[in-house]
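Source file: final.csv; contents: CSV, C-alpha atoms and all ligand atoms.
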chain,number,residue,atom,x,y,z
A,19,MET,CA,20.5,-17.3,-15.2
A,20,ILE,CA,17.8,-16.2,-17.7
A,21,LEU,CA,14.3,-16.1,-16.1
A,22,LYS,CA,10.9,-16.2,-17.7
A,23,PRO,CA,9.6,-12.6,-18.2
A,24,PHE,CA,6.6,-13.2,-15.8
A,25,LYS,CA,8.9,-13.9,-12.9
A,26,ARG,CA,9.4,-10.2,-12.1
A,27,GLU,CA,8.6,-10.5,-8.4
A,28,SER,CA,11.6,-12.9,-8.1
A,29,ILE,CA,13.8,-9.8,-8.6
A,30,ILE,CA,11.8,-6.9,-7.2
A,31,PRO,CA,10.9,-6.9,-3.5
A,32,LEU,CA,7.3,-5.8,-3.2
A,33,PRO,CA,5.7,-4.0,-0.3
A,34,VAL,CA,2.9,-6.0,1.3
A,35,THR,CA,0.2,-3.3,1.8
A,36,PHE,CA,-3.3,-4.0,3.1
A,37,ILE,CA,-6.1,-2.2,1.3
A,38,SER,CA,-9.3,-1.7,3.4
A,39,THR,CA,-12.6,-0.9,1.7
A,40,ILE,CA,-16.3,-1.1,2.5
A,41,SER,CA,-19.0,-2.4,0.2
A,42,ARG,CA,-22.1,-0.4,-0.7
A,43,GLU,CA,-23.9,-2.6,2.0
A,44,GLY,CA,-21.3,-1.5,4.6
A,45,VAL,CA,-19.3,-4.8,4.8
A,46,ARG,CA,-15.7,-4.2,5.7
A,47,ASN,CA,-13.1,-5.8,3.4
A,48,ILE,CA,-9.3,-6.2,3.6
A,49,ALA,CA,-6.9,-7.5,0.9
A,50,PRO,CA,-3.1,-7.6,0.7
A,51,TYR,CA,-1.7,-5.7,-2.4
A,52,GLY,CA,1.9,-5.7,-3.5
A,53,CYS,CA,1.5,-3.8,-6.8
A,54,VAL,CA,1.2,-0.4,-5.3
A,55,MET,CA,3.3,2.6,-6.6
A,56,PRO,CA,3.3,6.3,-5.8
A,57,VAL,CA,3.2,8.3,-9.0
A,58,LEU,CA,6.2,10.7,-9.2
A,59,ARG,CA,7.5,13.1,-6.6
A,60,PRO,CA,5.6,15.3,-5.4
A,61,LEU,CA,2.2,14.3,-6.8
A,62,ASP,CA,-0.5,13.0,-4.4
A,63,LEU,CA,-1.4,10.1,-6.7
A,64,VAL,CA,-0.9,6.4,-6.0
A,65,CYS,CA,-1.4,3.6,-8.6
A,66,ILE,CA,-2.5,0.1,-7.8
A,67,ALA,CA,-2.6,-2.8,-10.3
A,68,THR,CA,-5.5,-5.1,-9.6
A,69,ALA,CA,-7.0,-8.2,-11.1
A,70,LYS,CA,-10.6,-7.8,-12.2
A,71,ARG,CA,-12.3,-10.2,-9.8
A,72,ARG,CA,-11.6,-8.5,-6.5
A,73,ASP,CA,-14.0,-7.4,-3.9
A,74,THR,CA,-11.5,-4.5,-3.3
A,75,LEU,CA,-12.1,-3.3,-6.9
A,76,ASP,CA,-15.9,-3.8,-6.7
A,77,ASN,CA,-15.9,-1.7,-3.4
A,78,ILE,CA,-13.8,1.0,-4.9
A,79,ARG,CA,-16.0,1.2,-7.9
A,80,ALA,CA,-19.1,1.4,-5.6
A,81,THR,CA,-17.8,3.9,-3.0
A,82,GLY,CA,-14.8,5.7,-4.7
A,83,GLU,CA,-12.8,5.4,-1.4
A,84,PHE,CA,-10.1,3.1,0.1
A,85,VAL,CA,-7.3,3.1,2.6
A,86,ILE,CA,-3.8,1.7,1.9
A,87,ASN,CA,-2.5,0.5,5.2
A,88,LEU,CA,1.3,0.2,5.6
A,89,ALA,CA,2.2,-2.7,7.9
A,90,GLY,CA,5.2,-3.9,9.7
A,91,THR,CA,6.6,-7.5,9.8
A,92,GLY,CA,4.3,-8.2,12.7
A,93,PHE,CA,1.4,-8.4,10.2
A,94,ALA,CA,3.0,-11.3,8.2
A,95,ASP,CA,0.5,-13.7,9.8
A,96,LYS,CA,-2.4,-11.5,8.6
A,97,VAL,CA,-1.6,-12.0,4.9
A,98,ILE,CA,-3.2,-15.3,4.3
A,99,PRO,CA,-6.4,-14.7,6.3
A,100,THR,CA,-7.0,-11.5,4.2
A,101,ALA,CA,-5.8,-13.0,0.9
A,102,ARG,CA,-7.8,-16.2,1.0
A,103,TYR,CA,-11.1,-16.1,-0.8
A,104,SER,CA,-14.0,-15.0,1.3
A,105,PRO,CA,-17.5,-14.1,0.1
A,106,PRO,CA,-18.3,-10.4,-0.3
A,107,GLU,CA,-20.6,-10.5,2.7
A,108,ALA,CA,-17.8,-11.7,5.1
A,109,ASP,CA,-16.4,-9.0,7.4
A,110,GLU,CA,-12.6,-9.4,6.9
A,111,PHE,CA,-11.6,-7.3,10.0
A,112,GLU,CA,-13.4,-10.0,12.0
A,113,LEU,CA,-12.1,-12.9,9.9
A,114,ALA,CA,-8.5,-11.7,10.4
A,115,GLY,CA,-8.8,-10.5,14.0
A,116,LEU,CA,-7.9,-7.0,13.1
A,117,ASP,CA,-9.2,-3.8,14.7
A,118,GLU,CA,-10.2,-0.5,13.1
A,119,LYS,CA,-8.4,2.7,13.1
A,120,PRO,CA,-11.1,5.2,12.2
A,121,SER,CA,-10.3,7.2,9.1
A,122,VAL,CA,-10.2,11.0,9.1
A,123,VAL,CA,-11.6,11.8,5.6
A,124,VAL,CA,-12.9,8.6,3.9
A,125,GLY,CA,-15.5,6.1,4.9
A,126,PRO,CA,-13.5,2.9,5.0
A,127,PRO,CA,-11.6,2.4,8.3
A,128,GLY,CA,-7.9,1.9,8.4
A,129,ILE,CA,-6.2,-1.0,10.3
A,130,LYS,CA,-5.0,-0.4,13.9
A,131,GLY,CA,-1.4,-1.2,14.5
A,132,CYS,CA,-0.1,-0.3,11.1
A,133,TYR,CA,2.7,2.3,10.9
A,134,ALA,CA,1.1,4.5,8.2
A,135,TRP,CA,-2.2,5.0,6.4
A,136,MET,CA,-3.0,6.5,3.0
A,137,GLU,CA,-6.7,7.5,2.8
A,138,CYS,CA,-7.5,7.7,-0.9
A,139,MET,CA,-10.3,8.8,-3.2
A,140,LEU,CA,-10.7,7.2,-6.6
A,141,ASP,CA,-9.2,9.4,-9.2
A,142,LYS,CA,-9.4,7.2,-12.3
A,143,LEU,CA,-9.7,3.6,-13.4
A,144,PHE,CA,-7.6,2.4,-16.4
A,145,GLU,CA,-9.5,-0.6,-17.6
A,146,GLU,CA,-7.6,-3.2,-19.6
A,147,PRO,CA,-8.8,-6.7,-20.6
A,148,ARG,CA,-6.6,-8.5,-18.1
A,149,TYR,CA,-6.2,-6.0,-15.3
A,150,VAL,CA,-7.3,-2.6,-14.0
A,151,LEU,CA,-5.0,0.2,-12.8
A,152,ILE,CA,-6.6,2.1,-10.0
A,153,MET,CA,-5.4,5.7,-9.7
A,154,GLY,CA,-6.0,7.0,-6.2
A,155,LYS,CA,-5.7,10.5,-4.9
A,156,VAL,CA,-4.3,10.6,-1.4
A,157,VAL,CA,-6.6,12.8,0.7
A,158,HIS,CA,-5.2,12.1,4.1
A,159,LEU,CA,-1.7,10.7,4.9
A,160,GLU,CA,-0.7,9.7,8.4
A,161,ILE,CA,2.2,8.0,10.0
A,162,ASP,CA,2.7,6.8,13.6
A,163,ASP,CA,4.6,9.5,15.5
A,164,ALA,CA,6.9,6.9,17.0
A,165,VAL,CA,8.3,6.1,13.5
A,166,TYR,CA,8.5,9.6,11.9
A,167,ARG,CA,11.5,12.0,12.4
A,168,PRO,CA,11.3,15.8,12.1
A,169,ASP,CA,13.5,15.8,9.0
A,170,GLY,CA,11.0,13.6,7.1
A,171,SER,CA,13.0,10.4,7.5
A,172,TRP,CA,11.6,7.5,9.4
A,173,ASP,CA,12.8,4.9,11.8
A,174,LEU,CA,13.0,1.7,9.7
A,175,GLY,CA,14.1,-0.4,12.7
A,176,MET,CA,11.0,0.6,14.5
A,177,ALA,CA,8.5,0.4,11.5
A,178,ARG,CA,10.0,-2.8,10.0
A,179,PRO,CA,7.9,-2.4,6.8
A,180,LEU,CA,6.6,-5.7,5.5
A,181,PHE,CA,7.9,-6.7,2.1
A,182,MET,CA,8.0,-9.9,0.1
A,183,THR,CA,10.2,-11.6,-2.5
A,184,GLY,CA,8.9,-14.5,-4.6
A,185,SER,CA,10.2,-18.0,-5.1
A,186,ASN,CA,8.7,-20.7,-7.4
A,187,THR,CA,6.5,-21.8,-4.5
A,188,SER,CA,6.2,-19.1,-1.9
A,189,MET,CA,6.1,-15.5,-0.8
A,190,ASN,CA,9.1,-14.9,1.4
A,191,TYR,CA,8.5,-12.1,3.9
A,192,CYS,CA,11.3,-9.6,4.5
A,193,THR,CA,11.9,-6.0,5.5
A,194,VAL,CA,14.2,-3.2,4.5
A,195,THR,CA,17.2,-1.8,6.4
A,196,ASP,CA,19.3,1.4,6.1
A,197,THR,CA,22.6,1.1,4.3
A,198,GLY,CA,23.9,4.2,6.1
A,199,LYS,CA,24.5,5.9,2.8
A,200,SER,CA,22.4,8.8,1.4
A,201,ASP,CA,22.3,11.5,-1.3
A,202,SER,CA,20.4,14.8,-1.3
A,203,PHE,CA,17.7,15.1,-4.0
A,204,GLY,CA,19.6,18.2,-5.2
A,205,ALA,CA,22.6,16.0,-6.1
A,206,MET,CA,20.7,14.8,-9.2
A,207,PHE,CA,20.7,18.3,-10.7
A,208,VAL,CA,23.5,20.2,-12.4
A,209,ASP,CA,23.0,23.2,-10.1
A,210,ARG,CA,22.7,20.8,-7.1
A,211,LYS,CA,19.4,22.4,-6.2
A,212,ASP,CA,16.3,20.3,-5.8
A,213,PRO,CA,13.5,22.2,-7.7
A,214,LEU,CA,11.0,20.8,-5.1
A,215,GLU,CA,13.1,22.0,-2.1
A,216,LYS,CA,10.8,24.9,-1.2
A,217,MET,CA,7.7,22.8,-1.2
A,218,TYR,CA,9.3,20.2,1.1
A,219,ARG,CA,10.6,23.1,3.4
A,220,GLU,CA,7.1,24.8,3.6
A,221,PHE,CA,5.3,21.5,4.2
A,222,SER,CA,7.7,19.8,6.5
A,223,SER,CA,4.8,17.6,7.8
B,301,LIG,C1,1.4,-10.5,-0.7
B,301,LIG,C2,0.2,-10.5,-1.6
B,301,LIG,C3,0.2,-9.4,-2.5
B,301,LIG,C4,-0.9,-9.3,-3.4
B,301,LIG,N1,-0.9,-8.3,-4.3
B,301,LIG,C5,-2.0,-8.2,-5.2
B,301,LIG,C6,-2.0,-7.1,-6.1
B,301,LIG,O1,-1.1,-6.3,-6.2
B,301,LIG,N2,-3.1,-7.1,-7.0
B,301,LIG,C7,-4.1,-8.0,-7.0
B,301,LIG,O2,-5.0,-7.9,-7.8
B,301,LIG,N3,-4.1,-9.0,-6.1
B,301,LIG,C8,-3.1,-9.2,-5.2
B,301,LIG,N4,-3.0,-10.2,-4.3
B,301,LIG,C9,-4.2,-11.1,-4.2
B,301,LIG,C10,-5.3,-10.6,-3.4
B,301,LIG,O3,-4.9,-10.1,-2.1
B,301,LIG,C11,-6.3,-11.7,-3.1
B,301,LIG,O4,-6.8,-12.2,-4.4
B,301,LIG,C12,-7.5,-11.3,-2.2
B,301,LIG,O5,-8.3,-12.5,-1.9
B,301,LIG,C13,-8.4,-10.3,-2.8
B,301,LIG,O6,-9.4,-10.0,-1.9
B,301,LIG,P1,-10.7,-9.2,-2.2
B,301,LIG,O7,-11.5,-10.1,-3.3
B,301,LIG,O8,-11.4,-9.2,-0.9
B,301,LIG,O9,-10.3,-7.9,-2.8
B,301,LIG,C14,-2.0,-10.3,-3.4
B,301,LIG,C15,-1.9,-11.3,-2.5
B,301,LIG,C16,-0.8,-11.4,-1.6
B,301,LIG,C17,-0.8,-12.6,-0.6
With the file now loaded, output its structure as structure tokens.
Ligand SMILES: Cc1cc2nc3c(=O)[nH]c(=O)nc-3n(C[C@H](O)[C@H](O)[C@H](O)COP(=O)(O)O)c2cc1C
Amino acid sequence: MILKPFKRESIIPLPVTFISTISREGVRNIAPYGCVMPVLRPLDLVCIATAKRRDTLDNIRATGEFVINLAGTGFADKVIPTARYSPPEADEFELAGLDEKPSVVVGPPGIKGCYAWMECMLDKLFEEPRYVLIMGKVVHLEIDDAVYRPDGSWDLGMARPLFMTGSNTSMNYCTVTDTGKSDSFGAMFVDRKDPLEKMYREFSS
């Protein structure tokens, strides 16, 4: 089957993250974002593709701060209440019935009940006529203790990260599971040594 080039989300599962921001006037905003990508290992940058008409983008321009909240499948029913248009003066925590998790470094609060939180400062905006790429620098990264293991892996069965695949008419919510197979990072290299090994050993959390 040959698909139209725009139907990329039909073949790539996307994470359903929730980005929380506050406006210059202090109004709390939440929006689901799937086009979210960490930029290389081991940088502290994360890139988000956004349409131009988004309160999220306006708020990030205004304050330079945002939180990427990583949610489990239990948040599937919070997608539409936060994705549907609401005016900039509407408090989307209240609208969606979500509670705050106070942030540690940035002004916008995170969302209580998520399994991880990336507090970010705006690093750079890449402005294009049809979209904007937001480059964020992660300034505080936190994961629920119940989900994280001392070796840096995490309990997928407990976190059940919320993902989506697309069809012609809908977003289908799914999650990821372990295959039981793994490879060391070092296995990619001729000498079988991960050049970043020391860094990960020194900063085990
Ligand atoms: C699952 C899902 C993923 C989304 N991902 C993105 C995205 O990556 N970029 C984007 O610009 N809009 C995305 N949207 C659309 C925005 O969430 C939506 O337009 C929202 O109303 C924007 O809210 P805001 O104006 O408060 O920022 C997504 C919507 C859904 C339901």
Quiz item: Separation of atom CA of Phe111 of chain A and atom CA of Gly175 of chain A, in Å?
Solution: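 Atom CA of Phe111 of chain A sits 26.7 Å away from atom CA of Gly175 of chain A.
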Practice problem: Would you kindly return, as a list of chain:residue names, each protein, DNA or RNA residue with an atom no farther than 10 Å from any atom of Asp117 of chain A, considering all atoms listed in the file and excluding same-chain residues fewer than 3 positions away? | Solution: A:Phe111, A:Glu112, A:Ala114, A:Pro120, A:Pro127, A:Gly128, A:Ile129, A:Lys130, A:Gly131
For the residues in the current selection, export C-alpha atoms as an mmCIF file, in the frame of the given file.
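Dumped to out-v9.cif:
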data_model
loop_
_atom_site.group_PDB
_atom_site.id
_atom_site.type_symbol
_atom_site.label_atom_id
_atom_site.label_comp_id
_atom_site.auth_asym_id
_atom_site.auth_seq_id
_atom_site.Cartn_x
_atom_site.Cartn_y
_atom_site.Cartn_z
ATOM 1 C CA PHE A 111 -11.600 -7.300 10.000
ATOM 2 C CA GLU A 112 -13.400 -10.000 12.000
ATOM 3 C CA ALA A 114 -8.500 -11.700 10.400
ATOM 4 C CA PRO A 120 -11.100 5.200 12.200
ATOM 5 C CA PRO A 127 -11.600 2.400 8.300
ATOM 6 C CA GLY A 128 -7.900 1.900 8.400
ATOM 7 C CA ILE A 129 -6.200 -1.000 10.300
ATOM 8 C CA LYS A 130 -5.000 -0.400 13.900
ATOM 9 C CA GLY A 131 -1.400 -1.200 14.500
#
What are the closest atom pairs, with distances in Å to one decimal, for each residue of chain A lying within 9 Å of ligand LIG 301 (chain B), using only C-alpha atoms and all ligand atoms, rows by chain and rising residue number, as a tab-separated table?
residue	atom	partner	partner_atom	distance
A:Leu32	CA	B:LIG301	C1	7.9
A:Pro33	CA	B:LIG301	C1	7.8
A:Val34	CA	B:LIG301	C1	5.1
A:Thr35	CA	B:LIG301	C3	7.5
A:Phe36	CA	B:LIG301	O3	8.2
A:Ile37	CA	B:LIG301	O9	8.2
A:Ser38	CA	B:LIG301	O9	8.8
A:Thr39	CA	B:LIG301	O9	8.6
A:Asn47	CA	B:LIG301	O8	5.7
A:Ile48	CA	B:LIG301	O8	5.8
A:Ala49	CA	B:LIG301	O3	4.4
A:Pro50	CA	B:LIG301	O3	4.2
A:Tyr51	CA	B:LIG301	N1	3.3
A:Gly52	CA	B:LIG301	N1	3.9
A:Cys53	CA	B:LIG301	O1	3.7
A:Val54	CA	B:LIG301	O1	6.4
A:Ile66	CA	B:LIG301	O1	6.7
A:Ala67	CA	B:LIG301	N2	5.4
A:Thr68	CA	B:LIG301	O2	3.4
A:Ala69	CA	B:LIG301	O2	3.9
A:Lys70	CA	B:LIG301	O2	7.1
A:Arg71	CA	B:LIG301	O7	6.5
A:Arg72	CA	B:LIG301	O7	3.6
A:Asp73	CA	B:LIG301	O7	3.7
A:Thr74	CA	B:LIG301	O9	3.6
A:Leu75	CA	B:LIG301	O9	6.4
A:Asp76	CA	B:LIG301	O9	8.0
A:Asn77	CA	B:LIG301	O9	8.4
A:Val97	CA	B:LIG301	C17	5.6
A:Ile98	CA	B:LIG301	C17	6.1
A:Pro99	CA	B:LIG301	O5	8.7
A:Thr100	CA	B:LIG301	O5	6.3
A:Ala101	CA	B:LIG301	O5	3.8
A:Arg102	CA	B:LIG301	O5	4.7
A:Tyr103	CA	B:LIG301	O5	4.7
A:Ser104	CA	B:LIG301	O8	6.7
A:Pro105	CA	B:LIG301	O8	7.9
A:Pro106	CA	B:LIG301	O8	7.0
A:Glu110	CA	B:LIG301	O8	7.9
A:Tyr149	CA	B:LIG301	O2	7.8
A:Val150	CA	B:LIG301	O2	8.5
A:Phe181	CA	B:LIG301	C1	8.0
A:Met182	CA	B:LIG301	C1	6.7
A:Met189	CA	B:LIG301	C1	6.9
A:Tyr191	CA	B:LIG301	C1	8.6
Quiz item: Looking at only C-alpha atoms, which of A:Pro126, A:Val64, A:Trp135, A:Gly44 is the one that sits closest to Asn87 of chain A?
Solution: A:Trp135
Practice problem: Calculate how many Å separate atom CA of Tyr133 of chain A from atom CA of Asp162 of chain A, rounding to one decimal. | Solution: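 Spanning atom CA of Tyr133 of chain A to atom CA of Asp162 of chain A is a straight-line distance of 5.2 Å.
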Self-check item: Distance in Å - atom CA of Ala134 of chain A versus atom CA of Asp163 of chain A
Solution: 9.5 Å
Quiz item: Using all atoms listed in the file, which of A:Thr91, A:Thr197, A:Ser41, A:Ser28 sits nearest Ile78 of chain A?
Solution: A:Ser41
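The smallest atom-to-atom distance between Met136 of chain A and any of A:Leu116, A:Ala205, A:Leu63, A:Cys192, using all atoms listed in the file, is found for A:Leu63.
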Quiz item: Using all atoms listed in the file, can you list as a list in words the residues within 8 Å of (11.8, 5.6, 11.8)?
Solution: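 Those residues, ordered by chain and then number, are Ala164, Val165, Tyr166, Arg167, Ser171, Trp172, Asp173, Leu174, Gly175, Met176 and Ala177 of chain A.
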